[in-house]
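Undergrad: Below is a structure I'd like to ask you about.
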Amino acid sequence: MQTAATAAPRHIAIVMDGNGRWAKRRFLPRLAGHKQGVESLRRCVRACAERGVAVLTVFAFSSENWNRPQDEVSGLMELMGRALVREVPQLMRDGVRLFFVGAREGLASGMRAALEQAEAATAANTRLTLNVCFNYGGRWDIAQAAARLAAGGEAITEESLHRAMAMAHVPDPDLLIRTGGEMRISNFLLWQAAYCELYFSDRLWPDFDEAALDEAIAAFAARERRFGRTPEQMHVAAAAALRA
Ligand code: FPP
């Protein structure tokens, strides 16, 4: 029988939802939930590396998150700044390469420099690629890719757009997990999730542990991905692959 570890998707994407509710249930400020969210992310990165996942992409701060209360926005920025300093040594030990995906021009110059430093420091790591979507929106990505192509006088095709997108350095996600019980995509990876398997967990992000990740991977392994083909075509292709 296939185990969750052997059937791990190549690329997992996660909407890490539920930090605020986790904190509220404990009568804590929302930022305490985000801090616990960073712990959960650390655990998840390590678990993905151990399970052979090649790419993990997480939604840390959306283009729309600027609309949150000012103290929460500045708290999240501080948290990111601190996490960059604190986490890089562990990422180095774990072989994790870090990429930031999002509109950098909307960030403070100090933050931009810190992101670039962390990317440069981890650039030679090959075990797991961690994309942190920060000041990111799926619509932003499609629009910036189209604008860049138009500015260069290039034709806009599926292939050229794909190449111009902020996630062109990795294959499309295979599995998109959203924690926190909501069932929506919220402007995450709109283009790249075209053939992604969706998995919704009621767990709040700080409670999303290794067992919850394994459940998601097992659910993924049980899905039949057809990419527009019929089940019969898929069975013929699977039988041919077994014979080859
Ligand atoms: C959504 O939960 C979560 C976020 C907007 C932030 C996610 C950030 C982290 C997990 C920490 C890692 C990121 C940084 C910046 C270092 P929510 O606040 O919407 O939760 P709720 O739905 O329960 O209110």
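We label chains A, B, ... in the order they appear in the structure tokens, count residues from 1 in each chain, and number ligands from 1 in the order shown.
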So which residues are near ligand 1, meaning at most 8 Å away with only C-alpha atoms and all ligand atoms counted, given back as JSON, numbers by chain?
TA: {"A": [15, 16, 17, 18, 19, 20, 21, 22, 23, 30, 33, 34, 35, 36, 37, 38, 40, 41, 59, 60, 61, 62, 65, 76, 77, 78, 79, 80, 81, 82, 83, 84, 134, 180, 204, 205, 206]}
Undergrad: Could you give me, as an MDAnalysis selection string, the residues within 10 Å of A:Ile142, counting only C-alpha atoms and dropping anything in the same chain fewer than 4 positions from it?
TA: chainID A and resid 137:138 146:147 161:162 164:166 189:191
Undergrad: Could you pull out all residues of stretch 10-154 of chain A with a DSSP call of strand (DSSP E) and give them as number ranges by chain?
TA: A: 11-15, 55-62, 96-101, 128-136
Undergrad: For A:Thr57, find every residue with an atom within 8 Å (counting only C-alpha atoms), except residues of its own chain fewer than 5 positions away, and show them as a list in words.
TA: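 In the requested format, the answer is His11, Ile12, Ala13, Ile14, Leu130, Asn131, Val132 and Cys133 of chain A.
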Undergrad: Kindly give the distance, in Å, that separates atom CA of A:Ala193 and atom CA of A:Pro171, rounded to a single decimal.
TA: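 These two atoms are separated by 10.6 Å.
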Undergrad: Considering only helix (DSSP H, G or I) as DSSP defines it on the backbone, what residues of stretch 117-176 of chain A qualify? List them as a list in words.
TA: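 Those in stretch 117-176 of chain A that DSSP calls helix (DSSP H, G or I) are Gln117, Ala118, Glu119, Ala120, Ala121, Gly138, Arg139, Trp140, Asp141, Ile142, Ala143, Gln144, Ala145, Ala146, Ala147, Arg148, Leu149, Ala150, Ala151, Glu158, Glu159, Ser160, Leu161, His162, Arg163 and Ala164 of chain A.
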Undergrad: Neighbouring residues of stretch 92-98 of chain A were defined as those with any atom within 8 Å, considering only C-alpha atoms; residues of the same chain fewer than 4 positions away were excluded. Please report them as an NGL selection string.
TA: :A and (46 or 49 or 88 or 118-119 or 122-132)
Undergrad: Only N, CA and C atoms, please: the residues just picked out, written as an mmCIF file, in the first residue's frame.
TA:
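Dumped to again18.cif:
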```
data_model
loop_
_atom_site.group_PDB
_atom_site.id
_atom_site.type_symbol
_atom_site.label_atom_id
_atom_site.label_comp_id
_atom_site.auth_asym_id
_atom_site.auth_seq_id
_atom_site.Cartn_x
_atom_site.Cartn_y
_atom_site.Cartn_z
ATOM 1 N N ARG A 46 9.460 21.800 7.997
ATOM 2 C CA ARG A 46 10.283 20.630 8.295
ATOM 3 C C ARG A 46 9.561 19.350 7.880
ATOM 4 N N ALA A 49 9.680 18.839 4.125
ATOM 5 C CA ALA A 49 11.012 18.391 3.699
ATOM 6 C C ALA A 49 11.176 16.905 4.002
ATOM 7 N N VAL A 88 16.495 32.004 9.349
ATOM 8 C CA VAL A 88 17.435 31.671 8.261
ATOM 9 C C VAL A 88 18.459 30.592 8.672
ATOM 10 N N ALA A 118 17.751 37.328 2.817
ATOM 11 C CA ALA A 118 17.358 35.951 3.170
ATOM 12 C C ALA A 118 17.341 35.080 1.913
ATOM 13 N N GLU A 119 16.880 35.636 0.818
ATOM 14 C CA GLU A 119 16.875 34.868 -0.443
ATOM 15 C C GLU A 119 18.306 34.536 -0.866
ATOM 16 N N THR A 122 20.023 31.797 1.253
ATOM 17 C CA THR A 122 19.546 30.411 1.107
ATOM 18 C C THR A 122 19.593 29.928 -0.351
ATOM 19 N N ALA A 123 20.182 30.732 -1.230
ATOM 20 C CA ALA A 123 20.073 30.474 -2.681
ATOM 21 C C ALA A 123 20.661 29.132 -3.120
ATOM 22 N N ALA A 124 21.620 28.597 -2.363
ATOM 23 C CA ALA A 124 22.256 27.343 -2.811
ATOM 24 C C ALA A 124 21.557 26.108 -2.238
ATOM 25 N N ASN A 125 20.527 26.298 -1.413
ATOM 26 C CA ASN A 125 19.847 25.145 -0.800
ATOM 27 C C ASN A 125 18.924 24.459 -1.815
ATOM 28 N N THR A 126 18.855 23.137 -1.720
ATOM 29 C CA THR A 126 18.129 22.397 -2.773
ATOM 30 C C THR A 126 17.098 21.394 -2.245
ATOM 31 N N ARG A 127 16.991 21.232 -0.919
ATOM 32 C CA ARG A 127 16.093 20.167 -0.432
ATOM 33 C C ARG A 127 14.626 20.538 -0.613
ATOM 34 N N LEU A 128 14.288 21.764 -0.264
ATOM 35 C CA LEU A 128 12.892 22.236 -0.370
ATOM 36 C C LEU A 128 12.912 23.706 -0.767
ATOM 37 N N THR A 129 12.044 24.085 -1.699
ATOM 38 C CA THR A 129 11.870 25.505 -2.029
ATOM 39 C C THR A 129 10.663 26.014 -1.269
ATOM 40 N N LEU A 130 10.852 27.065 -0.486
ATOM 41 C CA LEU A 130 9.749 27.661 0.269
ATOM 42 C C LEU A 130 9.429 29.026 -0.334
ATOM 43 N N ASN A 131 8.250 29.125 -0.962
ATOM 44 C CA ASN A 131 7.797 30.414 -1.495
ATOM 45 C C ASN A 131 6.890 31.067 -0.468
ATOM 46 N N VAL A 132 7.278 32.236 -0.014
ATOM 47 C CA VAL A 132 6.438 32.967 0.936
ATOM 48 C C VAL A 132 5.749 34.093 0.162
#
```
Undergrad: So, counting only C-alpha atoms, which residue among A:Arg51, A:Arg26, A:Arg43, A:Arg163 is closest to A:Arg10?
TA: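 Ranking A:Arg51, A:Arg26, A:Arg43, A:Arg163 by distance to A:Arg10, first place goes to A:Arg51.
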Undergrad: Counting only C-alpha atoms, which residue out of A:Leu198, A:Val55, A:Ala238, A:Cys48 sits closest to A:Leu176?
TA: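 Looking at the shortest contact to A:Leu176, the residue is A:Leu198.
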